[in-house]
file structure_8.pdb (PDB, C-alpha atoms and all ligand atoms)
ATOM      1  CA  MET A   1       4.772  10.839 -21.307
ATOM      2  CA  SER A   2       7.089  13.394 -19.816
ATOM      3  CA  SER A   3       9.838  12.694 -17.302
ATOM      4  CA  LYS A   4       8.880  16.004 -15.719
ATOM      5  CA  GLY A   5       5.646  14.612 -14.298
ATOM      6  CA  ALA A   6       5.026  13.243 -10.827
ATOM      7  CA  ILE A   7       4.553   9.725  -9.521
ATOM      8  CA  GLY A   8       0.938   9.215  -8.515
ATOM      9  CA  VAL A   9       0.454   7.024  -5.451
ATOM     10  CA  PHE A  10      -2.963   6.065  -4.128
ATOM     11  CA  ASP A  11      -4.747   4.008  -1.513
ATOM     12  CA  SER A  12      -8.139   3.820   0.152
ATOM     13  CA  GLY A  13      -6.720   5.866   3.025
ATOM     14  CA  VAL A  14      -3.491   6.527   4.902
ATOM     15  CA  GLY A  15      -1.991   3.029   4.450
ATOM     16  CA  GLY A  16      -0.301   3.849   1.159
ATOM     17  CA  LEU A  17       1.794   6.436   3.013
ATOM     18  CA  THR A  18       3.945   3.511   4.200
ATOM     19  CA  VAL A  19       4.765   2.830   0.534
ATOM     20  CA  LEU A  20       5.208   6.522  -0.258
ATOM     21  CA  LYS A  21       7.768   6.814   2.548
ATOM     22  CA  GLU A  22       9.942   4.147   0.915
ATOM     23  CA  ILE A  23       9.510   5.727  -2.532
ATOM     24  CA  VAL A  24      10.615   9.119  -1.227
ATOM     25  CA  SER A  25      13.630   7.620   0.504
ATOM     26  CA  LEU A  26      14.716   5.583  -2.562
ATOM     27  CA  LEU A  27      13.864   8.228  -5.186
ATOM     28  CA  PRO A  28      14.306  11.562  -3.369
ATOM     29  CA  ASN A  29      14.342  13.686  -6.529
ATOM     30  CA  GLU A  30      10.980  12.466  -7.822
ATOM     31  CA  LYS A  31       7.849  14.567  -7.370
ATOM     32  CA  THR A  32       4.935  12.682  -5.886
ATOM     33  CA  LEU A  33       1.183  13.147  -5.640
ATOM     34  CA  TYR A  34      -0.574  11.048  -3.009
ATOM     35  CA  LEU A  35      -4.319  10.439  -2.952
ATOM     36  CA  GLY A  36      -6.030   8.786   0.022
ATOM     37  CA  ASP A  37      -9.754   8.114  -0.350
ATOM     38  CA  THR A  38     -10.280   8.596   3.382
ATOM     39  CA  ALA A  39     -13.954   9.511   2.934
ATOM     40  CA  ARG A  40     -14.690   5.986   1.655
ATOM     41  CA  VAL A  41     -12.134   3.842   3.521
ATOM     42  CA  PRO A  42     -12.161   0.859   4.137
ATOM     43  CA  TYR A  43     -12.233  -0.741   0.697
ATOM     44  CA  GLY A  44     -11.306  -4.168   2.068
ATOM     45  CA  SER A  45     -14.822  -5.206   3.068
ATOM     46  CA  LYS A  46     -16.603  -3.755   0.020
ATOM     47  CA  PRO A  47     -17.775  -5.667  -3.077
ATOM     48  CA  GLN A  48     -15.405  -5.923  -6.037
ATOM     49  CA  LYS A  49     -17.689  -3.800  -8.230
ATOM     50  CA  THR A  50     -17.419  -0.905  -5.760
ATOM     51  CA  ILE A  51     -13.639  -1.256  -5.456
ATOM     52  CA  ILE A  52     -13.287  -1.138  -9.250
ATOM     53  CA  GLU A  53     -15.493   1.957  -9.462
ATOM     54  CA  TYR A  54     -13.641   3.766  -6.635
ATOM     55  CA  SER A  55     -10.161   2.897  -7.852
ATOM     56  CA  LEU A  56     -10.917   4.080 -11.401
ATOM     57  CA  GLU A  57     -12.063   7.394  -9.898
ATOM     58  CA  ASP A  58      -8.924   7.620  -7.743
ATOM     59  CA  ALA A  59      -6.603   6.911 -10.672
ATOM     60  CA  THR A  60      -8.478   9.358 -12.913
ATOM     61  CA  TYR A  61      -8.022  12.083 -10.301
ATOM     62  CA  LEU A  62      -4.254  11.577 -10.321
ATOM     63  CA  THR A  63      -3.776  11.039 -14.047
ATOM     64  CA  ARG A  64      -5.446  14.396 -14.763
ATOM     65  CA  GLN A  65      -2.489  16.002 -12.999
ATOM     66  CA  ASN A  66       0.400  14.963 -15.267
ATOM     67  CA  VAL A  67       1.665  11.813 -13.635
ATOM     68  CA  THR A  68       4.249   9.592 -15.327
ATOM     69  CA  ALA A  69       3.447   6.395 -13.428
ATOM     70  CA  LEU A  70       0.904   5.153 -10.940
ATOM     71  CA  VAL A  71       1.659   3.182  -7.804
ATOM     72  CA  VAL A  72      -1.347   1.287  -6.502
ATOM     73  CA  ALA A  73      -0.346   1.345  -2.835
ATOM     74  CA  CYS A  74      -3.290  -0.829  -1.833
ATOM     75  CA  ASN A  75      -3.307  -4.615  -1.860
ATOM     76  CA  THR A  76      -7.104  -4.779  -2.036
ATOM     77  CA  ILE A  77      -7.222  -2.680  -5.220
ATOM     78  CA  CYS A  78      -4.343  -4.691  -6.696
ATOM     79  CA  CYS A  79      -6.207  -7.954  -6.063
ATOM     80  CA  LEU A  80      -9.625  -6.807  -7.243
ATOM     81  CA  ALA A  81      -9.212  -4.000  -9.756
ATOM     82  CA  MET A  82      -5.733  -4.159 -11.324
ATOM     83  CA  THR A  83      -6.970  -5.535 -14.655
ATOM     84  CA  ASP A  84      -9.504  -2.702 -14.941
ATOM     85  CA  LEU A  85      -6.875  -0.091 -14.103
ATOM     86  CA  GLU A  86      -4.464  -1.501 -16.675
ATOM     87  CA  LYS A  87      -7.192  -1.432 -19.309
ATOM     88  CA  ALA A  88      -8.205   2.131 -18.500
ATOM     89  CA  PHE A  89      -4.790   3.839 -18.278
ATOM     90  CA  GLU A  90      -1.823   3.737 -20.593
ATOM     91  CA  LEU A  91       0.957   4.687 -18.210
ATOM     92  CA  PRO A  92       3.091   2.235 -16.174
ATOM     93  CA  ILE A  93       1.143   0.939 -13.179
ATOM     94  CA  ILE A  94       3.056  -0.619 -10.306
ATOM     95  CA  GLY A  95       1.213  -2.846  -7.857
ATOM     96  CA  VAL A  96       2.213  -4.399  -4.565
ATOM     97  CA  ILE A  97       1.376  -8.106  -4.911
ATOM     98  CA  GLY A  98       4.265  -9.109  -7.218
ATOM     99  CA  PRO A  99       7.042  -7.410  -5.209
ATOM    100  CA  ALA A 100       5.563  -8.651  -1.899
ATOM    101  CA  SER A 101       5.239 -12.253  -3.094
ATOM    102  CA  ARG A 102       8.765 -12.340  -4.524
ATOM    103  CA  ALA A 103      10.181 -10.903  -1.298
ATOM    104  CA  ALA A 104       8.323 -13.513   0.792
ATOM    105  CA  VAL A 105       9.487 -16.398  -1.405
ATOM    106  CA  ASN A 106      13.086 -15.157  -1.277
ATOM    107  CA  LEU A 107      13.036 -14.809   2.488
ATOM    108  CA  THR A 108      11.328 -17.973   3.677
ATOM    109  CA  LYS A 109      13.539 -20.850   4.786
ATOM    110  CA  ASN A 110      10.965 -23.269   6.185
ATOM    111  CA  ARG A 111       8.353 -22.544   3.461
ATOM    112  CA  ARG A 112       5.627 -21.661   5.964
ATOM    113  CA  VAL A 113       4.358 -18.188   5.101
ATOM    114  CA  GLY A 114       1.532 -16.279   6.765
ATOM    115  CA  ILE A 115      -0.358 -13.502   4.968
ATOM    116  CA  ILE A 116      -2.493 -11.013   6.801
ATOM    117  CA  ALA A 117      -4.647  -8.643   4.771
ATOM    118  CA  THR A 118      -8.176  -7.331   4.256
ATOM    119  CA  GLU A 119     -11.101  -9.659   3.620
ATOM    120  CA  GLY A 120     -11.145  -8.600  -0.036
ATOM    121  CA  THR A 121      -7.475  -9.486  -0.512
ATOM    122  CA  ILE A 122      -7.625 -12.802   1.346
ATOM    123  CA  ASN A 123     -10.884 -13.942  -0.273
ATOM    124  CA  SER A 124      -9.607 -13.077  -3.765
ATOM    125  CA  GLY A 125      -6.888 -15.752  -3.425
ATOM    126  CA  VAL A 126      -4.562 -13.582  -5.531
ATOM    127  CA  TYR A 127      -1.694 -13.628  -3.022
ATOM    128  CA  GLN A 128      -1.984 -17.364  -2.450
ATOM    129  CA  GLN A 129      -1.828 -17.915  -6.224
ATOM    130  CA  ALA A 130       1.081 -15.501  -6.763
ATOM    131  CA  ILE A 131       3.206 -17.195  -4.082
ATOM    132  CA  LYS A 132       2.305 -20.729  -5.215
ATOM    133  CA  GLN A 133       3.289 -19.810  -8.764
ATOM    134  CA  LEU A 134       6.753 -18.846  -7.544
ATOM    135  CA  ASP A 135       7.147 -21.897  -5.295
ATOM    136  CA  SER A 136       4.405 -24.508  -5.198
ATOM    137  CA  LYS A 137       5.893 -26.143  -2.082
ATOM    138  CA  ILE A 138       5.255 -23.147   0.145
ATOM    139  CA  GLU A 139       2.472 -23.638   2.660
ATOM    140  CA  ILE A 140       0.410 -20.473   3.010
ATOM    141  CA  PHE A 141      -1.560 -19.384   6.070
ATOM    142  CA  PRO A 142      -3.905 -16.529   5.160
ATOM    143  CA  LYS A 143      -5.848 -14.479   7.702
ATOM    144  CA  ALA A 144      -8.108 -11.460   7.243
ATOM    145  CA  CYS A 145      -7.797  -8.802   9.959
ATOM    146  CA  PRO A 146     -10.653  -6.382   9.205
ATOM    147  CA  LEU A 147     -10.256  -4.214  12.334
ATOM    148  CA  PHE A 148      -6.654  -3.263  11.604
ATOM    149  CA  VAL A 149      -7.551  -0.651   8.966
ATOM    150  CA  PRO A 150     -10.085   1.307  11.065
ATOM    151  CA  ILE A 151      -7.719   1.503  14.057
ATOM    152  CA  VAL A 152      -4.869   2.713  11.858
ATOM    153  CA  GLU A 153      -7.130   5.352  10.287
ATOM    154  CA  GLU A 154      -7.911   6.463  13.856
ATOM    155  CA  ASN A 155      -4.190   6.633  14.657
ATOM    156  CA  VAL A 156      -4.444   3.874  17.287
ATOM    157  CA  LEU A 157      -1.041   2.380  16.514
ATOM    158  CA  GLU A 158       0.170   1.351  19.970
ATOM    159  CA  GLY A 159      -1.324   0.657  23.407
ATOM    160  CA  VAL A 160      -3.792  -1.765  24.944
ATOM    161  CA  ILE A 161      -6.463  -1.586  22.226
ATOM    162  CA  ALA A 162      -3.974  -2.192  19.410
ATOM    163  CA  GLU A 163      -2.334  -5.064  21.367
ATOM    164  CA  LYS A 164      -5.692  -6.742  22.067
ATOM    165  CA  ILE A 165      -6.873  -6.530  18.452
ATOM    166  CA  VAL A 166      -3.543  -7.870  17.215
ATOM    167  CA  ALA A 167      -3.767 -10.797  19.638
ATOM    168  CA  MET A 168      -7.373 -11.510  18.637
ATOM    169  CA  TYR A 169      -6.444 -12.000  14.972
ATOM    170  CA  LEU A 170      -2.933 -13.420  15.208
ATOM    171  CA  THR A 171      -3.251 -16.026  17.959
ATOM    172  CA  GLU A 172      -4.057 -18.806  15.487
ATOM    173  CA  LEU A 173      -1.115 -17.858  13.237
ATOM    174  CA  LYS A 174       1.309 -17.846  16.135
ATOM    175  CA  GLU A 175       0.954 -21.619  16.435
ATOM    176  CA  LYS A 176       1.764 -22.354  12.776
ATOM    177  CA  GLN A 177       5.595 -22.193  12.939
ATOM    178  CA  LEU A 178       5.739 -19.500  10.279
ATOM    179  CA  ASP A 179       9.055 -17.921   9.493
ATOM    180  CA  ILE A 180       7.586 -15.081   7.394
ATOM    181  CA  LEU A 181       4.445 -13.047   7.983
ATOM    182  CA  VAL A 182       3.565 -10.852   4.997
ATOM    183  CA  LEU A 183       1.820  -7.581   5.780
ATOM    184  CA  GLY A 184      -0.570  -7.822   2.827
ATOM    185  CA  CYS A 185      -2.244  -4.500   3.501
ATOM    186  CA  THR A 186      -0.376  -1.216   3.339
ATOM    187  CA  HIS A 187      -2.043  -0.020   6.547
ATOM    188  CA  TYR A 188      -0.530  -2.851   8.587
ATOM    189  CA  PRO A 189       3.127  -1.676   8.769
ATOM    190  CA  LEU A 190       1.787   1.115  10.969
ATOM    191  CA  LEU A 191       1.012  -1.630  13.503
ATOM    192  CA  MET A 192       4.518  -3.087  13.173
ATOM    193  CA  GLY A 193       5.262  -2.646  16.907
ATOM    194  CA  PRO A 194       2.318  -4.657  18.299
ATOM    195  CA  ILE A 195       2.510  -7.235  15.470
ATOM    196  CA  THR A 196       6.238  -8.000  15.840
ATOM    197  CA  ARG A 197       6.004  -8.109  19.648
ATOM    198  CA  PHE A 198       3.099 -10.533  19.444
ATOM    199  CA  MET A 199       4.627 -12.829  16.810
ATOM    200  CA  GLY A 200       7.998 -13.034  18.589
ATOM    201  CA  SER A 201      11.557 -13.082  17.312
ATOM    202  CA  LYS A 202      11.316 -16.272  15.222
ATOM    203  CA  VAL A 203       8.958 -14.669  12.704
ATOM    204  CA  THR A 204      10.123 -12.060  10.193
ATOM    205  CA  VAL A 205       7.310  -9.583   9.680
ATOM    206  CA  LEU A 206       7.601  -8.457   6.057
ATOM    207  CA  ASP A 207       6.633  -4.934   5.037
ATOM    208  CA  PRO A 208       6.701  -5.131   1.220
ATOM    209  CA  ALA A 209       7.082  -1.340   0.788
ATOM    210  CA  THR A 210      10.840  -1.481   0.108
ATOM    211  CA  ALA A 211      10.345  -4.104  -2.596
ATOM    212  CA  VAL A 212       7.577  -1.979  -4.171
ATOM    213  CA  ALA A 213       9.804   1.119  -4.232
ATOM    214  CA  GLN A 214      12.602  -0.910  -5.867
ATOM    215  CA  GLU A 215      10.209  -2.207  -8.510
ATOM    216  CA  LEU A 216       9.067   1.361  -9.196
ATOM    217  CA  LYS A 217      12.677   2.521  -9.593
ATOM    218  CA  GLN A 218      13.348  -0.303 -12.027
ATOM    219  CA  LYS A 219      10.211   0.466 -14.070
ATOM    220  CA  LEU A 220      10.935   4.205 -14.218
ATOM    221  CA  THR A 221      14.475   3.475 -15.389
ATOM    222  CA  GLU A 222      13.251   0.958 -17.982
ATOM    223  CA  TYR A 223      10.706   3.451 -19.395
ATOM    224  CA  LYS A 224      13.197   6.352 -19.144
ATOM    225  CA  LEU A 225      10.849   8.208 -16.823
ATOM    226  CA  ARG A 226      13.309   9.039 -14.024
ATOM    227  CA  SER A 227      13.398  12.675 -13.037
ATOM    228  CA  ASP A 228      16.514  14.530 -14.183
ATOM    229  CA  SER A 229      16.155  17.033 -11.366
ATOM    230  CA  LYS A 230      19.109  17.468  -9.002
ATOM    231  CA  THR A 231      16.949  18.811  -6.201
ATOM    232  CA  GLU A 232      14.512  17.134  -3.841
ATOM    233  CA  GLY A 233      11.104  16.447  -5.361
ATOM    234  CA  SER A 234       7.906  18.021  -4.044
ATOM    235  CA  HIS A 235       5.269  15.968  -2.252
ATOM    236  CA  LYS A 236       1.609  16.887  -2.555
ATOM    237  CA  PHE A 237      -1.203  15.197  -0.705
ATOM    238  CA  PHE A 238      -4.920  14.910  -1.390
ATOM    239  CA  PHE A 239      -7.506  13.282   0.865
ATOM    240  CA  THR A 240     -11.222  12.918   0.183
ATOM    241  CA  GLY A 241     -11.997  13.229   3.900
ATOM    242  CA  GLN A 242     -10.345  15.044   6.826
ATOM    243  CA  PRO A 243      -6.868  15.896   5.476
ATOM    244  CA  GLN A 244      -5.861  17.241   8.918
ATOM    245  CA  LYS A 245      -6.194  13.755  10.413
ATOM    246  CA  ALA A 246      -3.887  12.265   7.774
ATOM    247  CA  GLU A 247      -1.457  15.155   8.188
ATOM    248  CA  LYS A 248      -0.530  13.970  11.702
ATOM    249  CA  LEU A 249       0.493  10.612  10.314
ATOM    250  CA  ILE A 250       2.485  12.097   7.412
ATOM    251  CA  ARG A 251       4.426  14.167   9.948
ATOM    252  CA  ARG A 252       4.958  11.099  12.131
ATOM    253  CA  LEU A 253       6.371   9.281   9.084
ATOM    254  CA  ASN A 254       8.627  12.270   8.500
ATOM    255  CA  ILE A 255       7.621  12.881   4.890
ATOM    256  CA  ARG A 256       7.894  16.516   3.812
ATOM    257  CA  ILE A 257       4.543  18.107   2.963
ATOM    258  CA  ASP A 258       4.532  20.667   0.147
ATOM    259  CA  SER A 259       0.763  20.907   0.145
ATOM    260  CA  ILE A 260      -2.169  19.023   1.573
ATOM    261  CA  GLU A 261      -5.703  19.469   0.297
ATOM    262  CA  GLN A 262      -9.207  18.181   0.475
ATOM    263  CA  ALA A 263      -9.776  16.205  -2.752
ATOM    264  CA  ASN A 264     -12.945  16.454  -4.766
ATOM    265  CA  LEU A 265     -12.712  13.421  -7.041
ATOM    266  CA  ALA A 266     -15.164  14.946  -9.499
ATOM    267  CA  ALA A 267     -12.977  18.038  -9.997
ATOM    268  CA  PRO A 268      -9.213  17.441  -9.896
ATOM    269  CA  PRO A 269      -6.879  20.468  -9.726
ATOM    270  CA  VAL A 270      -5.719  21.467 -13.215
ATOM    271  CA  CYS A 271      -2.135  20.434 -12.500
ATOM    272  CA  GLY A 272      -0.853  19.397  -9.097
ATOM    273  CA  CYS A 273       2.703  18.749 -10.167
ATOM    274  CA  SER A 274       4.174  22.183 -10.831
TER     275      SER A 274
HETATM  276  N1  LIG B 301      -4.459  -0.297   2.451
HETATM  277  C1  LIG B 301      -5.308  -1.142   1.730
HETATM  278  C2  LIG B 301      -4.654  -2.457   1.366
HETATM  279  O1  LIG B 301      -3.465  -2.496   1.207
HETATM  280  C3  LIG B 301      -6.733  -1.341   2.064
HETATM  281  C4  LIG B 301      -7.364  -0.975   3.278
HETATM  282  C5  LIG B 301      -8.862  -0.914   3.164
HETATM  283  O2  LIG B 301      -9.335   0.094   2.670
HETATM  284  O3  LIG B 301      -9.533  -1.856   3.588
HETATM  285  O4  LIG B 301      -5.318  -3.444   1.189
END
call {"tool": "encode", "arguments": {"input": "structure_8.pdb", "output": "structure tokens"}}
result
Amino acid sequence: MSSKGAIGVFDSGVGGLTVLKEIVSLLPNEKTLYLGDTARVPYGSKPQKTIIEYSLEDATYLTRQNVTALVVACNTICCLAMTDLEKAFELPIIGVIGPASRAAVNLTKNRRVGIIATEGTINSGVYQQAIKQLDSKIEIFPKACPLFVPIVEENVLEGVIAEKIVAMYLTELKEKQLDILVLGCTHYPLLMGPITRFMGSKVTVLDPATAVAQELKQKLTEYKLRSDSKTEGSHKFFFTGQPQKAEKLIRRLNIRIDSIEQANLAAPPVCGCS
């Protein structure tokens, strides 16, 4: 493994860009390759077998382009396909569940923690288990919010429709005296405005992206994979469907774009990290 390679980050769609943003801000000299499988999003309501198949294809696409580490910027994939990814690839793979759970456990004072995520993530019980393992006294309130991903993919991040959908899913959680609400899907931080306004000031809405970026930094340091470059890293983007739609969001997040391409998962570019 060469420290000259890029960090591969992937998600079912644009959600993982919220994680990429934190990675770029914490590790500005690292090169990154981002893959969003926007042609097949959402993953969160698909069977596990399909999620495993898709995520192996996504990771293969990136690993054919000289990446040093993979960041699975998708909670659904982490819950349902992490074991298969770890078996299939030899490089360090960083997921989101561990960092998110540790951050939630560290932050909660009243031990009442809500988790909102896709149906796949909630039904897997992986989050509930991870948090309970860290502190068995924490009471967990899980809730699947399946419409959040499609509205984010459509760039509906504010306004009446976003507010109504947020209220529809979160009303029952609002009555549970939570002090932490974990955004257990990387798409959801893009709805931070409507979610925080709805939950009110007593609830800390936790975007785990910072904790994920810190874990990545620690892993890269441990494996001696940090870039030795003194200049800003390049950021290349690949989307299986409609890259121009994702481009708007990347610009909104203020991440520099070195290139953005339509991805054909069957035929990765020879090397996307030069
Ligand atoms: N962003 C993904 C997650 O963190 C999944 C969204 C989806 O495709 O359903 O779970």
call {"tool": "axis_aligned_box", "arguments": {"input": "structure_8.pdb", "around": "stretch 107-121 of chain A", "padding_each_side": "6 Å", "output": "JSON"}}
result
{"center_x": 1.2, "center_y": -15.3, "center_z": 3.1, "size_x": 36.7, "size_y": 27.9, "size_z": 19.3}
call {"tool": "atom_distance", "arguments": {"input": "structure_8.pdb", "atom1": "atom CA of A:Lys217", "atom2": "atom CA of A:Val182"}}
result
21.8 Å
call {"tool": "residues_near_ligand", "arguments": {"input": "structure_8.pdb", "ligand": "ligand LIG 301 (chain B)", "cutoff": "8 Å", "atoms": "all atoms listed in the file", "output": "compact mmCIF listing (two decimals) with C-alpha atoms, in the coordinates of the input"}}
result
# COMPACT_ATOMS: atom_id res chain seq x y z
CA ASP A 11 -4.75 4.01 -1.51
CA SER A 12 -8.14 3.82 0.15
CA GLY A 13 -6.72 5.87 3.02
CA VAL A 14 -3.49 6.53 4.90
CA GLY A 15 -1.99 3.03 4.45
CA GLY A 16 -0.30 3.85 1.16
CA VAL A 41 -12.13 3.84 3.52
CA PRO A 42 -12.16 0.86 4.14
CA TYR A 43 -12.23 -0.74 0.70
CA GLY A 44 -11.31 -4.17 2.07
CA SER A 45 -14.82 -5.21 3.07
CA ALA A 73 -0.35 1.34 -2.84
CA CYS A 74 -3.29 -0.83 -1.83
CA ASN A 75 -3.31 -4.62 -1.86
CA THR A 76 -7.10 -4.78 -2.04
CA ILE A 77 -7.22 -2.68 -5.22
CA ALA A 117 -4.65 -8.64 4.77
CA THR A 118 -8.18 -7.33 4.26
CA GLU A 119 -11.10 -9.66 3.62
CA GLY A 120 -11.14 -8.60 -0.04
CA THR A 121 -7.48 -9.49 -0.51
CA PRO A 146 -10.65 -6.38 9.20
CA VAL A 149 -7.55 -0.65 8.97
CA GLY A 184 -0.57 -7.82 2.83
CA CYS A 185 -2.24 -4.50 3.50
CA THR A 186 -0.38 -1.22 3.34
CA HIS A 187 -2.04 -0.02 6.55
CA TYR A 188 -0.53 -2.85 8.59
call {"tool": "closest_residue", "arguments": {"input": "structure_8.pdb", "among": "A:Ile93, A:Leu27, A:Val156, A:Ile138", "to": "A:Arg111", "atoms": "all atoms listed in the file"}}
result
A:Ile138
call {"tool": "residues_around", "arguments": {"input": "structure_8.pdb", "residues": "A:Val203", "least_positions_apart": "2", "cutoff": "6 Å", "atoms": "all atoms listed in the file", "output": "VMD selection string"}}
result
chain A and resid 179 to 180 201
call {"tool": "resolve_selection", "arguments": {"input": "structure_8.pdb", "expression": "the PyMOL selection byres (((chain A and resi 147) around 10) and not hetatm)", "output": "PyMOL selection string"}}
result
chain A and resi 42+118+144-146+148-152+162+165-166+169
call {"tool": "closest_residue", "arguments": {"input": "structure_8.pdb", "among": "A:Gln214, A:Asn110, A:Thr171, A:Gln262", "to": "A:Val71", "atoms": "only C-alpha atoms"}}
result
A:Gln214
call {"tool": "residues_around", "arguments": {"input": "structure_8.pdb", "residues": "A:Gln129", "least_positions_apart": "6", "cutoff": "10 Å", "atoms": "all atoms listed in the file", "output": "VMD selection string"}}
result
chain A and resid 101 135 to 136 140
call {"tool": "resolve_selection", "arguments": {"input": "structure_8.pdb", "expression": "the PyMOL selection byres (((chain A and resi 39) around 10) and not hetatm)", "output": "number ranges by chain"}}
result
A: 12-13, 36-38, 40-42, 239-243, 263
call {"tool": "closest_residue", "arguments": {"input": "structure_8.pdb", "among": "A:Pro194, A:Pro142, A:Pro92, A:Pro208", "to": "A:Val19", "atoms": "only C-alpha atoms"}}
result
A:Pro208
call {"tool": "atom_distance", "arguments": {"input": "structure_8.pdb", "atom1": "atom CA of A:Lys21", "atom2": "atom CA of A:Ser234"}}
result
13.0 Å
call {"tool": "atom_distance", "arguments": {"input": "structure_8.pdb", "atom1": "atom CA of A:Asn29", "atom2": "atom CA of A:Arg252"}}
result
21.0 Å
call {"tool": "residues_around", "arguments": {"input": "structure_8.pdb", "residues": "A:Arg256", "least_positions_apart": "3", "cutoff": "9 Å", "atoms": "all atoms listed in the file", "output": "CSV table (one decimal) with C-alpha atoms, keeping the file's coordinate frame"}}
result
chain,number,residue,atom,x,y,z
A,234,SER,CA,7.9,18.0,-4.0
A,235,HIS,CA,5.3,16.0,-2.3
A,236,LYS,CA,1.6,16.9,-2.6
A,250,ILE,CA,2.5,12.1,7.4
A,251,ARG,CA,4.4,14.2,9.9
call {"tool": "closest_residue", "arguments": {"input": "structure_8.pdb", "among": "A:Phe238, A:Gly114, A:Phe198, A:Glu22", "to": "A:Gln128", "atoms": "all atoms listed in the file"}}
result
A:Gly114
call {"tool": "resolve_selection", "arguments": {"input": "structure_8.pdb", "expression": "the PyMOL selection byres (((chain A and resi 55) around 10) and not hetatm)", "output": "NGL selection string"}}
result
:A and (10-12 or 37 or 43 or 50-54 or 56-61 or 72 or 74 or 77-78 or 80-82 or 84-85)
call {"tool": "closest_residue", "arguments": {"input": "structure_8.pdb", "among": "A:Lys202, A:Lys174, A:Gln48, A:Gly8", "to": "A:Thr63", "atoms": "all atoms listed in the file"}}
result
A:Gly8
call {"tool": "residues_around", "arguments": {"input": "structure_8.pdb", "residues": "A:Lys245", "least_positions_apart": "5", "cutoff": "9 Å", "atoms": "only C-alpha atoms", "output": "list in words"}}
result
Glu153, Glu154 and Asn155 of chain A
call {"tool": "closest_residue", "arguments": {"input": "structure_8.pdb", "among": "A:Glu172, A:Ala104, A:Glu158, A:Leu20", "to": "A:Gly193", "atoms": "all atoms listed in the file"}}
result
A:Glu158
call {"tool": "residues_around", "arguments": {"input": "structure_8.pdb", "residues": "A:Leu134", "least_positions_apart": "2", "cutoff": "8 Å", "atoms": "only C-alpha atoms", "output": "ChimeraX atom specification"}}
result
/A:102,105,130-132,136
